[in-house]
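**Q** One structure, pasted below without further comment.
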Amino acid sequence: MKNNLQITTHDFLIYRDDNNNVIGIMKIKPSNRSGYEECGEIQVLYLYPNEKGKGYGKALINIAFEVLKNKGYKKVVIGCLVGNPSMSFINI
């Protein structure tokens with residue numbers, strides 16, 4: 001999976017298939033949430049609906065953890081909107 005990962009200079013993780021089509025994106029950043037300033041944050045995670053359930057989201061989260069760890073973060077917060085139907089990813 002890492003072979004198809006593009007990490008941009010703006011801390012967007014973009015996952016593409018073998019035909020260079022975007023499967024999903026993720027934005028990571030330093031957290032600016034009160035009480036979490038020492039944490040990295042996964043702010044955005046989107047997958048195309050037909051790509052859900054194939055393990056790409058979990059792979060992107062694990063890669064984000066690795067990137068944030070390499071940036072020196074020991075803790076990560078994940079921003080998720082209330083009522084998001086994809087909140088089951090929290091059980092990774």
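Each chain in the structure tokens gets a letter, A, B, ..., in the order shown, and its residues are numbered from 1; ligands are numbered from 1 in order too.
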Can you tell me, as an MDAnalysis selection string, what residues are no more than 8 Å from A:Gly79 when counting only C-alpha atoms, ignoring any on the same chain fewer than 4 positions away?
**A** chainID A and resid 41:44
**Q** Using only C-alpha atoms, which protein or nucleic acid residues come within 12 Å of A:Phe65? Drop anything in the same chain fewer than 5 positions from it, and give the result as a list in words.
**A**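 Surrounding residues, per the criterion: Leu13, Met26, Lys27, Ile28, Lys29, Cys39, Gly40, Glu41, Ile42, Lys58, Ala59, Leu60, Asn70, Lys71, Gly72, Tyr73, Lys74, Lys75, Val76, Val77 and Ile78 of chain A.
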**Q** Write the residues of the preceding selection, restricted to N, CA and C atoms, as a PDB file, in the first residue's frame.
**A**
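Writing the result to selection-v9.pdb gives the following:
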ATOM      1  N   LEU A  13      -2.180  13.263   2.948  1.00  0.00           N
ATOM      2  CA  LEU A  13      -1.803  11.934   2.488  1.00  0.00           C
ATOM      3  C   LEU A  13      -2.804  11.549   1.413  1.00  0.00           C
ATOM      4  N   MET A  26      -6.204  12.130   3.317  1.00  0.00           N
ATOM      5  CA  MET A  26      -6.186  12.393   4.741  1.00  0.00           C
ATOM      6  C   MET A  26      -5.346  13.632   4.981  1.00  0.00           C
ATOM      7  N   LYS A  27      -5.772  14.468   5.929  1.00  0.00           N
ATOM      8  CA  LYS A  27      -4.988  15.631   6.323  1.00  0.00           C
ATOM      9  C   LYS A  27      -4.549  15.451   7.759  1.00  0.00           C
ATOM     10  N   ILE A  28      -3.241  15.625   7.992  1.00  0.00           N
ATOM     11  CA  ILE A  28      -2.700  15.582   9.343  1.00  0.00           C
ATOM     12  C   ILE A  28      -2.054  16.930   9.637  1.00  0.00           C
ATOM     13  N   LYS A  29      -2.032  17.276  10.925  1.00  0.00           N
ATOM     14  CA  LYS A  29      -1.486  18.571  11.306  1.00  0.00           C
ATOM     15  C   LYS A  29      -1.229  18.588  12.806  1.00  0.00           C
ATOM     16  N   CYS A  39      -0.296  17.364  20.700  1.00  0.00           N
ATOM     17  CA  CYS A  39      -0.688  16.198  19.908  1.00  0.00           C
ATOM     18  C   CYS A  39      -0.662  16.503  18.415  1.00  0.00           C
ATOM     19  N   GLY A  40      -0.450  15.462  17.636  1.00  0.00           N
ATOM     20  CA  GLY A  40      -0.723  15.544  16.216  1.00  0.00           C
ATOM     21  C   GLY A  40      -2.207  15.271  16.024  1.00  0.00           C
ATOM     22  N   GLU A  41      -2.739  15.678  14.873  1.00  0.00           N
ATOM     23  CA  GLU A  41      -4.177  15.490  14.645  1.00  0.00           C
ATOM     24  C   GLU A  41      -4.439  14.947  13.247  1.00  0.00           C
ATOM     25  N   ILE A  42      -5.311  13.962  13.186  1.00  0.00           N
ATOM     26  CA  ILE A  42      -5.867  13.517  11.909  1.00  0.00           C
ATOM     27  C   ILE A  42      -7.148  14.317  11.753  1.00  0.00           C
ATOM     28  N   LYS A  58      -7.960   2.154   7.315  1.00  0.00           N
ATOM     29  CA  LYS A  58      -7.096   1.699   8.401  1.00  0.00           C
ATOM     30  C   LYS A  58      -5.628   1.862   8.015  1.00  0.00           C
ATOM     31  N   ALA A  59      -5.300   1.551   6.767  1.00  0.00           N
ATOM     32  CA  ALA A  59      -3.923   1.708   6.303  1.00  0.00           C
ATOM     33  C   ALA A  59      -3.504   3.173   6.343  1.00  0.00           C
ATOM     34  N   LEU A  60      -4.388   4.078   5.900  1.00  0.00           N
ATOM     35  CA  LEU A  60      -4.065   5.501   5.936  1.00  0.00           C
ATOM     36  C   LEU A  60      -3.873   5.998   7.365  1.00  0.00           C
ATOM     37  N   ASN A  70       7.106  10.257  13.448  1.00  0.00           N
ATOM     38  CA  ASN A  70       8.379  10.741  12.912  1.00  0.00           C
ATOM     39  C   ASN A  70       8.527  12.252  13.063  1.00  0.00           C
ATOM     40  N   LYS A  71       7.419  12.966  13.201  1.00  0.00           N
ATOM     41  CA  LYS A  71       7.451  14.417  13.427  1.00  0.00           C
ATOM     42  C   LYS A  71       7.597  14.738  14.915  1.00  0.00           C
ATOM     43  N   GLY A  72       7.622  13.696  15.767  1.00  0.00           N
ATOM     44  CA  GLY A  72       7.849  13.893  17.190  1.00  0.00           C
ATOM     45  C   GLY A  72       6.619  13.838  18.073  1.00  0.00           C
ATOM     46  N   TYR A  73       5.467  13.553  17.505  1.00  0.00           N
ATOM     47  CA  TYR A  73       4.244  13.476  18.319  1.00  0.00           C
ATOM     48  C   TYR A  73       4.140  12.114  18.979  1.00  0.00           C
ATOM     49  N   LYS A  74       3.753  12.114  20.260  1.00  0.00           N
ATOM     50  CA  LYS A  74       3.563  10.866  20.994  1.00  0.00           C
ATOM     51  C   LYS A  74       2.091  10.526  21.153  1.00  0.00           C
ATOM     52  N   LYS A  75       1.223  11.501  20.882  1.00  0.00           N
ATOM     53  CA  LYS A  75      -0.220  11.303  20.975  1.00  0.00           C
ATOM     54  C   LYS A  75      -0.878  11.894  19.745  1.00  0.00           C
ATOM     55  N   VAL A  76      -2.022  11.310  19.389  1.00  0.00           N
ATOM     56  CA  VAL A  76      -2.760  11.760  18.206  1.00  0.00           C
ATOM     57  C   VAL A  76      -4.234  11.879  18.571  1.00  0.00           C
ATOM     58  N   VAL A  77      -4.854  12.969  18.129  1.00  0.00           N
ATOM     59  CA  VAL A  77      -6.304  13.108  18.252  1.00  0.00           C
ATOM     60  C   VAL A  77      -6.894  12.975  16.851  1.00  0.00           C
ATOM     61  N   ILE A  78      -8.111  12.466  16.797  1.00  0.00           N
ATOM     62  CA  ILE A  78      -8.807  12.294  15.522  1.00  0.00           C
ATOM     63  C   ILE A  78     -10.087  13.120  15.582  1.00  0.00           C
TER      64      ILE A  78
END
**Q** Distance atom CA of A:Gly24-atom CA of A:Leu45, one decimal place?
**A** 7.3 Å
**Q** So what do you get for atom CA of A:Asn19 versus atom CA of A:Ile61, distance-wise?
**A**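 Answer for the atom CA of A:Asn19 to atom CA of A:Ile61 separation: 22.2 Å.
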**Q** Do you have the atom CA of A:Tyr48-atom CA of A:Ile23 distance handy?
**A**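 Computed distance, atom CA of A:Tyr48 to atom CA of A:Ile23, equals 5.9 Å.
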**Q** Measuring between only C-alpha atoms, which one of A:Leu47, A:Asn62, A:Pro30, A:Glu37 shows the shortest distance to A:Ile14?
**A** A:Leu47
**Q** Name the residues of stretch 39-92 of chain A that come out as strand (DSSP E or B) in a backbone DSSP run; write them as a ChimeraX atom specification.
**A** /A:40-47,76-78
**Q** Go ahead and dump the residues you just picked, C-alpha atoms, as a PDB file, in the first residue's frame.
**A**
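Below is the file selection.pdb, written as the result:
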ATOM      1  CA  GLY A  40      -0.723  15.544  16.216  1.00  0.00           C
ATOM      2  CA  GLU A  41      -4.177  15.490  14.645  1.00  0.00           C
ATOM      3  CA  ILE A  42      -5.867  13.517  11.909  1.00  0.00           C
ATOM      4  CA  GLN A  43      -8.244  16.210  10.712  1.00  0.00           C
ATOM      5  CA  VAL A  44      -9.628  14.765   7.491  1.00  0.00           C
ATOM      6  CA  LEU A  45     -10.119  11.224   6.184  1.00  0.00           C
ATOM      7  CA  TYR A  46     -12.164  10.617   3.074  1.00  0.00           C
ATOM      8  CA  LEU A  47     -12.468   7.515   0.917  1.00  0.00           C
ATOM      9  CA  VAL A  76      -2.760  11.760  18.206  1.00  0.00           C
ATOM     10  CA  VAL A  77      -6.304  13.108  18.252  1.00  0.00           C
ATOM     11  CA  ILE A  78      -8.807  12.294  15.522  1.00  0.00           C
TER      12      ILE A  78
END
